[in-house]
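The file target.tsv comes next; it holds TSV, N, CA and C atoms.
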```tsv
chain	number	residue	atom	x	y	z
A	28	MET	N	55.40	51.41	136.24
A	28	MET	CA	54.31	52.09	136.91
A	28	MET	C	54.89	53.10	137.90
A	29	ALA	N	54.32	54.26	137.95
A	29	ALA	CA	54.82	55.35	138.78
A	29	ALA	C	54.57	55.07	140.26
A	30	GLU	N	55.50	55.59	141.09
A	30	GLU	CA	55.41	55.41	142.53
A	30	GLU	C	54.94	56.69	143.20
A	31	ARG	N	54.35	56.54	144.39
A	31	ARG	CA	54.01	57.66	145.26
A	31	ARG	C	53.27	58.79	144.56
A	32	GLY	N	52.39	58.47	143.66
A	32	GLY	CA	51.59	59.50	143.00
A	32	GLY	C	52.32	60.26	141.91
A	33	LEU	N	53.51	59.84	141.56
A	33	LEU	CA	54.24	60.52	140.49
A	33	LEU	C	53.79	59.97	139.14
A	34	PRO	N	53.82	60.81	138.11
A	34	PRO	CA	53.38	60.35	136.79
A	34	PRO	C	54.34	59.36	136.12
A	35	LEU	N	55.59	59.30	136.59
A	35	LEU	CA	56.53	58.32	136.05
A	35	LEU	C	57.59	58.02	137.09
A	36	THR	N	58.29	56.90	136.90
A	36	THR	CA	59.34	56.48	137.82
A	36	THR	C	60.69	56.91	137.26
A	37	TYR	N	61.69	56.86	138.11
A	37	TYR	CA	63.04	57.16	137.64
A	37	TYR	C	63.49	56.17	136.58
A	38	GLU	N	63.07	54.91	136.70
A	38	GLU	CA	63.44	53.90	135.69
A	38	GLU	C	62.86	54.27	134.33
A	39	GLU	N	61.59	54.67	134.33
A	39	GLU	CA	60.94	55.06	133.08
A	39	GLU	C	61.63	56.29	132.48
A	40	LEU	N	61.95	57.24	133.32
A	40	LEU	CA	62.59	58.46	132.84
A	40	LEU	C	63.96	58.18	132.25
A	41	LEU	N	64.76	57.39	132.96
A	41	LEU	CA	66.12	57.11	132.50
A	41	LEU	C	66.16	56.19	131.28
A	42	ALA	N	65.06	55.50	131.01
A	42	ALA	CA	64.99	54.63	129.83
A	42	ALA	C	64.71	55.43	128.55
A	43	LYS	N	64.29	56.67	128.69
A	43	LYS	CA	63.96	57.52	127.53
A	43	LYS	C	65.23	58.14	126.95
A	44	PRO	N	65.18	58.51	125.67
A	44	PRO	CA	66.29	59.31	125.11
A	44	PRO	C	66.39	60.62	125.89
A	45	ALA	N	67.59	61.16	126.00
A	45	ALA	CA	67.85	62.34	126.84
A	45	ALA	C	66.90	63.50	126.55
A	46	ALA	N	66.68	63.81	125.28
A	46	ALA	CA	65.82	64.95	124.93
A	46	ALA	C	64.39	64.72	125.43
A	47	GLU	N	63.89	63.50	125.28
A	47	GLU	CA	62.54	63.21	125.74
A	47	GLU	C	62.47	63.23	127.27
A	48	ALA	N	63.50	62.69	127.92
A	48	ALA	CA	63.55	62.70	129.39
A	48	ALA	C	63.59	64.14	129.91
A	49	GLU	N	64.35	65.00	129.26
A	49	GLU	CA	64.41	66.42	129.65
A	49	GLU	C	63.04	67.07	129.53
A	50	ARG	N	62.36	66.79	128.42
A	50	ARG	CA	61.03	67.37	128.20
A	50	ARG	C	60.04	66.89	129.26
A	51	LEU	N	60.03	65.58	129.51
A	51	LEU	CA	59.10	65.02	130.51
A	51	LEU	C	59.37	65.60	131.90
A	52	LEU	N	60.64	65.72	132.24
A	52	LEU	CA	60.99	66.26	133.55
A	52	LEU	C	60.59	67.73	133.66
A	53	ALA	N	60.84	68.48	132.60
A	53	ALA	CA	60.50	69.91	132.60
A	53	ALA	C	59.00	70.15	132.75
A	54	GLU	N	58.19	69.19	132.31
A	54	GLU	CA	56.74	69.32	132.42
A	54	GLU	C	56.22	69.08	133.83
A	55	LEU	N	57.04	68.45	134.67
A	55	LEU	CA	56.61	68.18	136.04
A	55	LEU	C	56.74	69.43	136.91
A	56	PRO	N	55.79	69.66	137.80
A	56	PRO	CA	55.96	70.75	138.77
A	56	PRO	C	57.21	70.50	139.62
A	57	PHE	N	57.77	71.57	140.16
A	57	PHE	CA	59.01	71.47	140.93
A	57	PHE	C	58.92	70.43	142.04
A	58	GLN	N	57.85	70.44	142.82
A	58	GLN	CA	57.74	69.50	143.95
A	58	GLN	C	57.72	68.05	143.47
A	59	GLU	N	57.13	67.78	142.31
A	59	GLU	CA	57.14	66.42	141.78
A	59	GLU	C	58.53	66.04	141.30
A	60	GLN	N	59.26	66.99	140.73
A	60	GLN	CA	60.65	66.71	140.35
A	60	GLN	C	61.47	66.35	141.60
A	61	LEU	N	61.29	67.12	142.66
A	61	LEU	CA	62.02	66.87	143.90
A	61	LEU	C	61.63	65.51	144.48
A	62	GLN	N	60.36	65.20	144.46
A	62	GLN	CA	59.89	63.90	144.96
A	62	GLN	C	60.50	62.76	144.12
A	63	LEU	N	60.57	62.96	142.81
A	63	LEU	CA	61.18	61.96	141.94
A	63	LEU	C	62.65	61.76	142.29
A	64	ILE	N	63.38	62.85	142.52
A	64	ILE	CA	64.79	62.75	142.91
A	64	ILE	C	64.92	61.96	144.20
A	65	LEU	N	64.09	62.27	145.18
A	65	LEU	CA	64.17	61.60	146.47
A	65	LEU	C	63.78	60.12	146.41
A	66	SER	N	63.04	59.74	145.38
A	66	SER	CA	62.67	58.33	145.22
A	66	SER	C	63.68	57.56	144.36
A	67	THR	N	64.70	58.25	143.90
A	67	THR	CA	65.73	57.66	143.04
A	67	THR	C	66.92	57.21	143.89
A	68	PRO	N	67.50	56.05	143.61
A	68	PRO	CA	68.70	55.64	144.35
A	68	PRO	C	69.80	56.71	144.25
A	69	TRP	N	70.56	56.84	145.31
A	69	TRP	CA	71.55	57.91	145.40
A	69	TRP	C	72.48	57.96	144.19
A	70	HIS	N	72.96	56.82	143.74
A	70	HIS	CA	73.95	56.81	142.65
A	70	HIS	C	73.38	57.25	141.30
A	71	LEU	N	72.05	57.26	141.17
A	71	LEU	CA	71.42	57.67	139.91
A	71	LEU	C	70.90	59.11	139.94
A	72	ARG	N	70.88	59.72	141.09
A	72	ARG	CA	70.31	61.06	141.21
A	72	ARG	C	70.95	62.10	140.29
A	73	PRO	N	72.28	62.13	140.15
A	73	PRO	CA	72.85	63.16	139.26
A	73	PRO	C	72.34	63.07	137.83
A	74	LYS	N	72.07	61.86	137.35
A	74	LYS	CA	71.57	61.70	135.98
A	74	LYS	C	70.23	62.41	135.80
A	75	ILE	N	69.38	62.33	136.80
A	75	ILE	CA	68.07	62.99	136.71
A	75	ILE	C	68.18	64.47	137.00
A	76	ILE	N	68.94	64.83	138.01
A	76	ILE	CA	69.08	66.25	138.36
A	76	ILE	C	69.59	67.05	137.17
A	77	THR	N	70.58	66.53	136.47
A	77	THR	CA	71.16	67.28	135.36
A	77	THR	C	70.24	67.35	134.14
A	78	LEU	N	69.20	66.55	134.11
A	78	LEU	CA	68.21	66.64	133.03
A	78	LEU	C	67.22	67.78	133.26
A	79	SER	N	67.14	68.24	134.49
A	79	SER	CA	66.13	69.24	134.85
A	79	SER	C	66.58	70.66	134.54
A	80	PRO	N	65.64	71.50	134.07
A	80	PRO	CA	65.97	72.91	133.88
A	80	PRO	C	66.11	73.65	135.20
A	81	VAL	N	65.72	73.02	136.30
A	81	VAL	CA	65.83	73.64	137.63
A	81	VAL	C	66.77	72.82	138.52
A	82	ALA	N	67.88	72.35	137.93
A	82	ALA	CA	68.83	71.50	138.65
A	82	ALA	C	69.33	72.16	139.94
A	83	GLU	N	69.69	73.44	139.86
A	83	GLU	CA	70.20	74.13	141.04
A	83	GLU	C	69.15	74.14	142.15
A	84	GLY	N	67.93	74.44	141.82
A	84	GLY	CA	66.86	74.47	142.82
A	84	GLY	C	66.63	73.10	143.44
A	85	LEU	N	66.73	72.05	142.63
A	85	LEU	CA	66.55	70.70	143.16
A	85	LEU	C	67.63	70.38	144.19
A	86	VAL	N	68.89	70.66	143.85
A	86	VAL	CA	69.98	70.38	144.79
A	86	VAL	C	69.81	71.22	146.05
A	87	ARG	N	69.50	72.48	145.90
A	87	ARG	CA	69.38	73.39	147.04
A	87	ARG	C	68.20	73.03	147.95
A	88	ASN	N	67.26	72.24	147.44
A	88	ASN	CA	66.10	71.83	148.24
A	88	ASN	C	66.20	70.40	148.75
A	89	LEU	N	67.28	69.71	148.44
A	89	LEU	CA	67.48	68.39	149.02
A	89	LEU	C	67.79	68.54	150.50
A	90	PRO	N	67.21	67.68	151.33
A	90	PRO	CA	67.64	67.69	152.73
A	90	PRO	C	69.16	67.46	152.78
A	91	PRO	N	69.87	68.16	153.66
A	91	PRO	CA	71.34	68.04	153.68
A	91	PRO	C	71.85	66.61	153.79
A	92	GLN	N	71.19	65.78	154.60
A	92	GLN	CA	71.65	64.40	154.73
A	92	GLN	C	71.44	63.61	153.44
A	93	GLU	N	70.40	63.94	152.67
A	93	GLU	CA	70.18	63.29	151.39
A	93	GLU	C	71.27	63.69	150.39
A	94	LEU	N	71.64	64.97	150.41
A	94	LEU	CA	72.73	65.41	149.55
A	94	LEU	C	74.02	64.71	149.94
A	95	PHE	N	74.30	64.61	151.24
A	95	PHE	CA	75.50	63.92	151.73
A	95	PHE	C	75.56	62.49	151.20
A	96	LEU	N	74.47	61.74	151.36
A	96	LEU	CA	74.45	60.35	150.92
A	96	LEU	C	74.55	60.23	149.40
A	97	THR	N	73.96	61.18	148.69
A	97	THR	CA	74.08	61.20	147.23
A	97	THR	C	75.52	61.41	146.82
A	98	LEU	N	76.18	62.39	147.42
A	98	LEU	CA	77.58	62.69	147.07
A	98	LEU	C	78.50	61.52	147.37
A	99	LYS	N	78.22	60.79	148.44
A	99	LYS	CA	79.04	59.63	148.80
A	99	LYS	C	78.89	58.50	147.78
A	100	ALA	N	77.76	58.46	147.06
A	100	ALA	CA	77.46	57.35	146.16
A	100	ALA	C	77.89	57.59	144.72
A	101	VAL	N	78.36	58.81	144.40
A	101	VAL	CA	78.64	59.14	143.01
A	101	VAL	C	80.13	59.42	142.80
A	102	SER	N	80.50	59.59	141.55
A	102	SER	CA	81.89	59.88	141.21
A	102	SER	C	82.27	61.27	141.70
A	103	THR	N	83.57	61.51	141.80
A	103	THR	CA	84.06	62.83	142.21
A	103	THR	C	83.56	63.91	141.26
A	104	GLU	N	83.57	63.63	139.96
A	104	GLU	CA	83.10	64.61	138.97
A	104	GLU	C	81.63	64.96	139.18
A	105	GLU	N	80.81	63.94	139.39
A	105	GLU	CA	79.38	64.19	139.63
A	105	GLU	C	79.18	64.95	140.95
A	106	ALA	N	79.96	64.59	141.97
A	106	ALA	CA	79.85	65.27	143.26
A	106	ALA	C	80.20	66.75	143.13
A	107	ILE	N	81.24	67.06	142.38
A	107	ILE	CA	81.63	68.46	142.19
A	107	ILE	C	80.52	69.22	141.47
A	108	ASP	N	79.93	68.60	140.46
A	108	ASP	CA	78.82	69.25	139.74
A	108	ASP	C	77.67	69.58	140.69
A	109	LEU	N	77.30	68.62	141.52
A	109	LEU	CA	76.19	68.84	142.45
A	109	LEU	C	76.57	69.86	143.52
A	110	LEU	N	77.80	69.79	144.01
A	110	LEU	CA	78.24	70.73	145.05
A	110	LEU	C	78.21	72.17	144.56
A	111	SER	N	78.39	72.37	143.27
A	111	SER	CA	78.37	73.73	142.74
A	111	SER	C	77.00	74.39	142.92
A	112	TYR	N	75.97	73.59	143.14
A	112	TYR	CA	74.62	74.10	143.35
A	112	TYR	C	74.23	74.20	144.83
A	113	ALA	N	75.01	73.60	145.70
A	113	ALA	CA	74.62	73.46	147.11
A	113	ALA	C	74.63	74.79	147.85
A	114	LYS	N	73.80	74.86	148.89
A	114	LYS	CA	73.75	76.02	149.79
A	114	LYS	C	74.84	75.86	150.85
A	115	GLY	N	75.19	76.96	151.46
A	115	GLY	CA	76.20	76.94	152.51
A	115	GLY	C	75.86	76.00	153.65
A	116	GLU	N	74.58	75.97	154.07
A	116	GLU	CA	74.18	75.09	155.17
A	116	GLU	C	74.38	73.62	154.80
A	117	GLN	N	74.12	73.29	153.53
A	117	GLN	CA	74.32	71.90	153.09
A	117	GLN	C	75.80	71.55	153.12
A	118	ILE	N	76.63	72.44	152.64
A	118	ILE	CA	78.07	72.20	152.62
A	118	ILE	C	78.61	72.08	154.04
A	119	GLN	N	78.12	72.92	154.93
A	119	GLN	CA	78.55	72.86	156.34
A	119	GLN	C	78.24	71.48	156.92
A	120	LEU	N	77.04	70.96	156.66
A	120	LEU	CA	76.68	69.65	157.18
A	120	LEU	C	77.58	68.56	156.58
A	121	LEU	N	77.92	68.69	155.30
A	121	LEU	CA	78.81	67.71	154.67
A	121	LEU	C	80.13	67.63	155.43
A	122	PHE	N	80.70	68.80	155.73
A	122	PHE	CA	81.95	68.81	156.49
A	122	PHE	C	81.75	68.25	157.89
A	123	ASP	N	80.65	68.64	158.52
A	123	ASP	CA	80.39	68.16	159.88
A	123	ASP	C	80.25	66.64	159.92
A	124	LEU	N	79.59	66.07	158.95
A	124	LEU	CA	79.38	64.62	158.93
A	124	LEU	C	80.62	63.86	158.52
A	125	ASP	N	81.41	64.43	157.62
A	125	ASP	CA	82.50	63.66	157.03
A	125	ASP	C	83.87	63.95	157.64
A	126	ALA	N	84.10	65.13	158.13
A	126	ALA	CA	85.45	65.49	158.56
A	126	ALA	C	85.70	65.26	160.05
A	127	TRP	N	84.66	65.02	160.81
A	127	TRP	CA	84.82	64.85	162.25
A	127	TRP	C	84.60	63.40	162.65
A	128	ARG	N	85.38	62.94	163.60
A	128	ARG	CA	85.17	61.65	164.27
A	128	ARG	C	85.19	61.95	165.76
A	129	LYS	N	84.04	61.81	166.36
A	129	LYS	CA	83.83	62.20	167.76
A	129	LYS	C	84.16	63.69	167.89
A	130	ASP	N	85.18	64.03	168.66
A	130	ASP	CA	85.50	65.45	168.86
A	130	ASP	C	86.80	65.86	168.16
A	131	ARG	N	87.21	65.08	167.17
A	131	ARG	CA	88.47	65.35	166.47
A	131	ARG	C	88.24	65.44	164.96
A	132	ILE	N	88.98	66.36	164.36
A	132	ILE	CA	88.95	66.46	162.89
A	132	ILE	C	89.84	65.37	162.33
A	133	VAL	N	89.34	64.67	161.32
A	133	VAL	CA	90.15	63.69	160.59
A	133	VAL	C	90.79	64.47	159.44
A	134	GLU	N	92.08	64.74	159.59
A	134	GLU	CA	92.76	65.68	158.70
A	134	GLU	C	92.61	65.33	157.22
A	135	GLU	N	92.81	64.07	156.86
A	135	GLU	CA	92.74	63.72	155.43
A	135	GLU	C	91.33	63.91	154.87
A	136	ARG	N	90.31	63.65	155.68
A	136	ARG	CA	88.93	63.88	155.22
A	136	ARG	C	88.63	65.37	155.10
A	137	PHE	N	89.13	66.13	156.07
A	137	PHE	CA	88.92	67.58	156.02
A	137	PHE	C	89.59	68.17	154.79
A	138	LEU	N	90.83	67.77	154.52
A	138	LEU	CA	91.55	68.29	153.37
A	138	LEU	C	90.90	67.85	152.06
A	139	ALA	N	90.40	66.61	152.01
A	139	ALA	CA	89.71	66.14	150.81
A	139	ALA	C	88.45	66.97	150.57
A	140	GLY	N	87.71	67.25	151.61
A	140	GLY	CA	86.50	68.06	151.49
A	140	GLY	C	86.83	69.49	151.12
A	141	ALA	N	87.88	70.03	151.70
A	141	ALA	CA	88.27	71.41	151.41
A	141	ALA	C	88.74	71.56	149.96
A	142	SER	N	89.23	70.48	149.36
A	142	SER	CA	89.70	70.57	147.97
A	142	SER	C	88.55	70.73	146.98
A	143	PHE	N	87.32	70.36	147.40
A	143	PHE	CA	86.17	70.55	146.53
A	143	PHE	C	85.95	72.04	146.35
```
As C-alpha coordinates, what does this structure read like?
Amino acid sequence: MAERGLPLTYEELLAKPAAEAERLLAELPFQEQLQLILSTPWHLRPKIITLSPVAEGLVRNLPPQELFLTLKAVSTEEAIDLLSYAKGEQIQLLFDLDAWRKDRIVEERFLAGASF
(Lines of atoms letter the chains of each structure in order from A and count residues from 1; the text may use other names and numbers.)
(Lines give C-alpha, C1' and ligand atoms only; values in the text may rest on other atoms or scores of the structure.)
Protein backbone atom coordinates (compact mmCIF):
# COMPACT_ATOMS: atom_id res chain seq x y z
CA MET A 1 0.00 0.00 0.00
CA ALA A 2 1.34 3.42 -0.95
CA GLU A 3 2.51 5.89 1.68
CA ARG A 4 1.95 9.63 2.05
CA GLY A 5 -0.45 9.92 -0.86
CA LEU A 6 1.91 8.31 -3.35
CA PRO A 7 0.46 5.86 -5.88
CA LEU A 8 3.08 3.23 -4.97
CA THR A 9 5.78 2.51 -2.40
CA TYR A 10 9.47 2.01 -2.98
CA GLU A 11 9.00 -1.67 -2.09
CA GLU A 12 6.35 -2.08 -4.78
CA LEU A 13 8.49 -0.26 -7.32
CA LEU A 14 11.65 -2.24 -6.59
CA ALA A 15 9.71 -5.52 -6.77
CA LYS A 16 8.84 -4.86 -10.43
CA PRO A 17 11.02 -5.80 -13.40
CA ALA A 18 13.32 -2.88 -14.28
CA ALA A 19 11.49 -1.91 -17.49
CA GLU A 20 8.13 -1.81 -15.71
CA ALA A 21 9.59 0.10 -12.75
CA GLU A 22 11.10 2.66 -15.16
CA ARG A 23 7.74 3.11 -16.88
CA LEU A 24 5.83 3.49 -13.60
CA LEU A 25 8.35 6.00 -12.29
CA ALA A 26 8.35 7.99 -15.53
CA GLU A 27 4.55 8.32 -15.26
CA LEU A 28 4.81 10.04 -11.88
CA PRO A 29 5.03 13.83 -11.75
CA PHE A 30 8.46 15.11 -10.69
CA GLN A 31 7.36 16.09 -7.17
CA GLU A 32 5.92 12.62 -6.56
CA GLN A 33 9.17 11.03 -7.75
CA LEU A 34 11.08 13.25 -5.32
CA GLN A 35 8.68 12.41 -2.50
CA LEU A 36 9.13 8.70 -3.29
CA ILE A 37 12.93 9.08 -3.13
CA LEU A 38 12.69 10.86 0.22
CA SER A 39 10.49 8.09 1.60
CA THR A 40 13.01 5.44 0.54
CA PRO A 41 15.77 4.25 2.91
CA TRP A 42 19.09 5.88 2.08
CA HIS A 43 20.81 2.69 0.90
CA LEU A 44 18.06 2.00 -1.66
CA ARG A 45 17.75 5.48 -3.12
CA PRO A 46 20.28 5.03 -5.97
CA LYS A 47 18.27 2.07 -7.29
CA ILE A 48 15.19 4.26 -7.70
CA ILE A 49 16.98 7.43 -8.80
CA THR A 50 18.71 5.60 -11.65
CA LEU A 51 15.36 4.25 -12.88
CA SER A 52 14.06 7.77 -13.41
CA PRO A 53 14.37 9.69 -16.68
CA VAL A 54 14.95 12.79 -14.52
CA ALA A 55 17.66 11.32 -12.27
CA GLU A 56 19.81 14.46 -12.40
CA GLY A 57 16.90 16.67 -11.39
CA LEU A 58 16.02 14.37 -8.51
CA VAL A 59 19.56 14.47 -7.10
CA ARG A 60 19.83 18.23 -7.61
CA ASN A 61 16.57 18.72 -5.68
CA LEU A 62 17.45 16.55 -2.71
CA PRO A 63 18.07 18.57 0.43
CA PRO A 64 21.88 18.61 0.89
CA GLN A 65 21.74 16.73 4.19
CA GLU A 66 19.59 14.01 2.57
CA LEU A 67 22.15 13.65 -0.21
CA PHE A 68 24.93 13.47 2.41
CA LEU A 69 23.18 10.68 4.33
CA THR A 70 22.38 8.83 1.10
CA LEU A 71 26.01 8.95 -0.04
CA LYS A 72 27.20 7.68 3.34
CA ALA A 73 24.86 4.66 3.05
CA VAL A 74 25.82 3.48 -0.44
CA SER A 75 28.83 2.01 -2.22
CA THR A 76 31.59 4.24 -3.57
CA GLU A 77 30.45 3.48 -7.13
CA GLU A 78 26.86 4.50 -6.38
CA ALA A 79 28.07 7.61 -4.55
CA ILE A 80 30.17 8.69 -7.54
CA ASP A 81 27.18 8.21 -9.86
CA LEU A 82 24.98 10.38 -7.66
CA LEU A 83 27.70 13.00 -7.12
CA SER A 84 27.97 13.47 -10.86
CA TYR A 85 24.47 15.01 -10.71
CA ALA A 86 24.95 17.12 -7.58
CA LYS A 87 24.95 20.93 -7.47
CA GLY A 88 27.92 22.87 -6.16
CA GLU A 89 26.06 23.86 -2.97
CA GLN A 90 25.33 20.20 -2.22
CA ILE A 91 28.96 19.22 -2.75
CA GLN A 92 30.12 22.11 -0.55
CA LEU A 93 27.89 20.89 2.29
CA LEU A 94 29.25 17.35 1.87
CA PHE A 95 32.78 18.63 2.41
CA ASP A 96 31.68 20.85 5.28
CA LEU A 97 29.95 17.99 7.08
CA ASP A 98 32.53 15.30 6.41
CA ALA A 99 35.95 16.94 6.24
CA TRP A 100 35.80 19.16 9.32
CA ARG A 101 35.92 18.25 13.01
CA LYS A 102 35.26 21.32 15.10
CA ASP A 103 37.60 23.94 13.62
CA ARG A 104 40.10 21.56 12.00
CA ILE A 105 40.19 19.77 8.67
CA VAL A 106 40.53 16.00 8.98
CA GLU A 107 43.12 15.49 6.25
CA GLU A 108 42.25 11.90 5.30
CA ARG A 109 38.54 12.74 5.01
CA PHE A 110 39.27 15.86 2.99
CA LEU A 111 41.54 13.94 0.62
CA ALA A 112 38.99 11.12 0.28
CA GLY A 113 36.30 13.64 -0.59
CA ALA A 114 38.57 15.51 -2.99
CA SER A 115 39.28 12.25 -4.84
CA PHE A 116 35.62 12.07 -5.88
Exercise for the section: Select, counting only C-alpha atoms, all protein, DNA and RNA residues no farther than 12 Å from (66.2, 70.1, 141.5) in file coordinates, and express the selection as JSON, numbers by chain. Expected result: {"A": [52, 53, 55, 56, 57, 58, 59, 60, 61, 62, 63, 64, 65, 72, 73, 74, 75, 76, 77, 78, 79, 80, 81, 82, 83, 84, 85, 86, 87, 88, 89, 90, 94, 109, 112, 113]}
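With only C-alpha atoms as the atoms that count, the minimum distance from Glu105 in chain A to the choices A:Leu71, A:Leu121, A:Gln92, A:Ser66 is reached by A:Leu71.
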Sel. of helix (DSSP H, G or I) residues, range 51-95 of chain A, as a PyMOL selection string:
chain A and resi 51-54+57-65+69-76+82-87+91-95
I need the chosen residues saved as a short mmCIF file (atom, residue, chain, number, x, y, z; two decimals), keeping the file's coordinate frame, with N, CA and C atoms.
```cif
data_model
loop_
_atom_site.label_atom_id
_atom_site.label_comp_id
_atom_site.auth_asym_id
_atom_site.auth_seq_id
_atom_site.Cartn_x
_atom_site.Cartn_y
_atom_site.Cartn_z
N LEU A 51 60.03 65.58 129.51
CA LEU A 51 59.10 65.02 130.51
C LEU A 51 59.37 65.60 131.90
N LEU A 52 60.64 65.72 132.24
CA LEU A 52 60.99 66.26 133.55
C LEU A 52 60.59 67.73 133.66
N ALA A 53 60.84 68.48 132.60
CA ALA A 53 60.50 69.91 132.60
C ALA A 53 59.00 70.15 132.75
N GLU A 54 58.19 69.19 132.31
CA GLU A 54 56.74 69.32 132.42
C GLU A 54 56.22 69.08 133.83
N PHE A 57 57.77 71.57 140.16
CA PHE A 57 59.01 71.47 140.93
C PHE A 57 58.92 70.43 142.04
N GLN A 58 57.85 70.44 142.82
CA GLN A 58 57.74 69.50 143.95
C GLN A 58 57.72 68.05 143.47
N GLU A 59 57.13 67.78 142.31
CA GLU A 59 57.14 66.42 141.78
C GLU A 59 58.53 66.04 141.30
N GLN A 60 59.26 66.99 140.73
CA GLN A 60 60.65 66.71 140.35
C GLN A 60 61.47 66.35 141.60
N LEU A 61 61.29 67.12 142.66
CA LEU A 61 62.02 66.87 143.90
C LEU A 61 61.63 65.51 144.48
N GLN A 62 60.36 65.20 144.46
CA GLN A 62 59.89 63.90 144.96
C GLN A 62 60.50 62.76 144.12
N LEU A 63 60.57 62.96 142.81
CA LEU A 63 61.18 61.96 141.94
C LEU A 63 62.65 61.76 142.29
N ILE A 64 63.38 62.85 142.52
CA ILE A 64 64.79 62.75 142.91
C ILE A 64 64.92 61.96 144.20
N LEU A 65 64.09 62.27 145.18
CA LEU A 65 64.17 61.60 146.47
C LEU A 65 63.78 60.12 146.41
N TRP A 69 70.56 56.84 145.31
CA TRP A 69 71.55 57.91 145.40
C TRP A 69 72.48 57.96 144.19
N HIS A 70 72.96 56.82 143.74
CA HIS A 70 73.95 56.81 142.65
C HIS A 70 73.38 57.25 141.30
N LEU A 71 72.05 57.26 141.17
CA LEU A 71 71.42 57.67 139.91
C LEU A 71 70.90 59.11 139.94
N ARG A 72 70.88 59.72 141.09
CA ARG A 72 70.31 61.06 141.21
C ARG A 72 70.95 62.10 140.29
N PRO A 73 72.28 62.13 140.15
CA PRO A 73 72.85 63.16 139.26
C PRO A 73 72.34 63.07 137.83
N LYS A 74 72.07 61.86 137.35
CA LYS A 74 71.57 61.70 135.98
C LYS A 74 70.23 62.41 135.80
N ILE A 75 69.38 62.33 136.80
CA ILE A 75 68.07 62.99 136.71
C ILE A 75 68.18 64.47 137.00
N ILE A 76 68.94 64.83 138.01
CA ILE A 76 69.08 66.25 138.36
C ILE A 76 69.59 67.05 137.17
N ALA A 82 67.88 72.35 137.93
CA ALA A 82 68.83 71.50 138.65
C ALA A 82 69.33 72.16 139.94
N GLU A 83 69.69 73.44 139.86
CA GLU A 83 70.20 74.13 141.04
C GLU A 83 69.15 74.14 142.15
N GLY A 84 67.93 74.44 141.82
CA GLY A 84 66.86 74.47 142.82
C GLY A 84 66.63 73.10 143.44
N LEU A 85 66.73 72.05 142.63
CA LEU A 85 66.55 70.70 143.16
C LEU A 85 67.63 70.38 144.19
N VAL A 86 68.89 70.66 143.85
CA VAL A 86 69.98 70.38 144.79
C VAL A 86 69.81 71.22 146.05
N ARG A 87 69.50 72.48 145.90
CA ARG A 87 69.38 73.39 147.04
C ARG A 87 68.20 73.03 147.95
N PRO A 91 69.87 68.16 153.66
CA PRO A 91 71.34 68.04 153.68
C PRO A 91 71.85 66.61 153.79
N GLN A 92 71.19 65.78 154.60
CA GLN A 92 71.65 64.40 154.73
C GLN A 92 71.44 63.61 153.44
N GLU A 93 70.40 63.94 152.67
CA GLU A 93 70.18 63.29 151.39
C GLU A 93 71.27 63.69 150.39
N LEU A 94 71.64 64.97 150.41
CA LEU A 94 72.73 65.41 149.55
C LEU A 94 74.02 64.71 149.94
N PHE A 95 74.30 64.61 151.24
CA PHE A 95 75.50 63.92 151.73
C PHE A 95 75.56 62.49 151.20
#
```
- Item | Which residue of A:Lys43, A:Arg50, A:His70, A:Lys114 approaches Ser102 in chain A most closely, using only C-alpha atoms |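 Between A:Lys43, A:Arg50, A:His70, A:Lys114, the residue approaching Ser102 in chain A most closely is A:His70.
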One-decimal distance in Å that lies between atom N of Asp108 in chain A and atom C of Phe122 in chain A:
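Separation between atom C of Phe122 in chain A and atom N of Asp108 in chain A: 17.5 Å.
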* To do: Report the distance between atom C of Glu47 in chain A and atom N of Pro34 in chain A in Å, rounded to one decimal place.
  =>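 Computing the Euclidean distance for atom C of Glu47 in chain A and atom N of Pro34 in chain A yields 14.1 Å.
Reported to one decimal place, the separation of CA of Pro91 in chain A from CA of Ile118 in chain A is 8.0 Å.
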Note to self: From a backbone DSSP assignment, name each residue in range 51-138 of chain A labelled strand (DSSP E or B), as JSON, numbers by chain.
What the structure shows: {"A": [127, 128, 131, 132]}
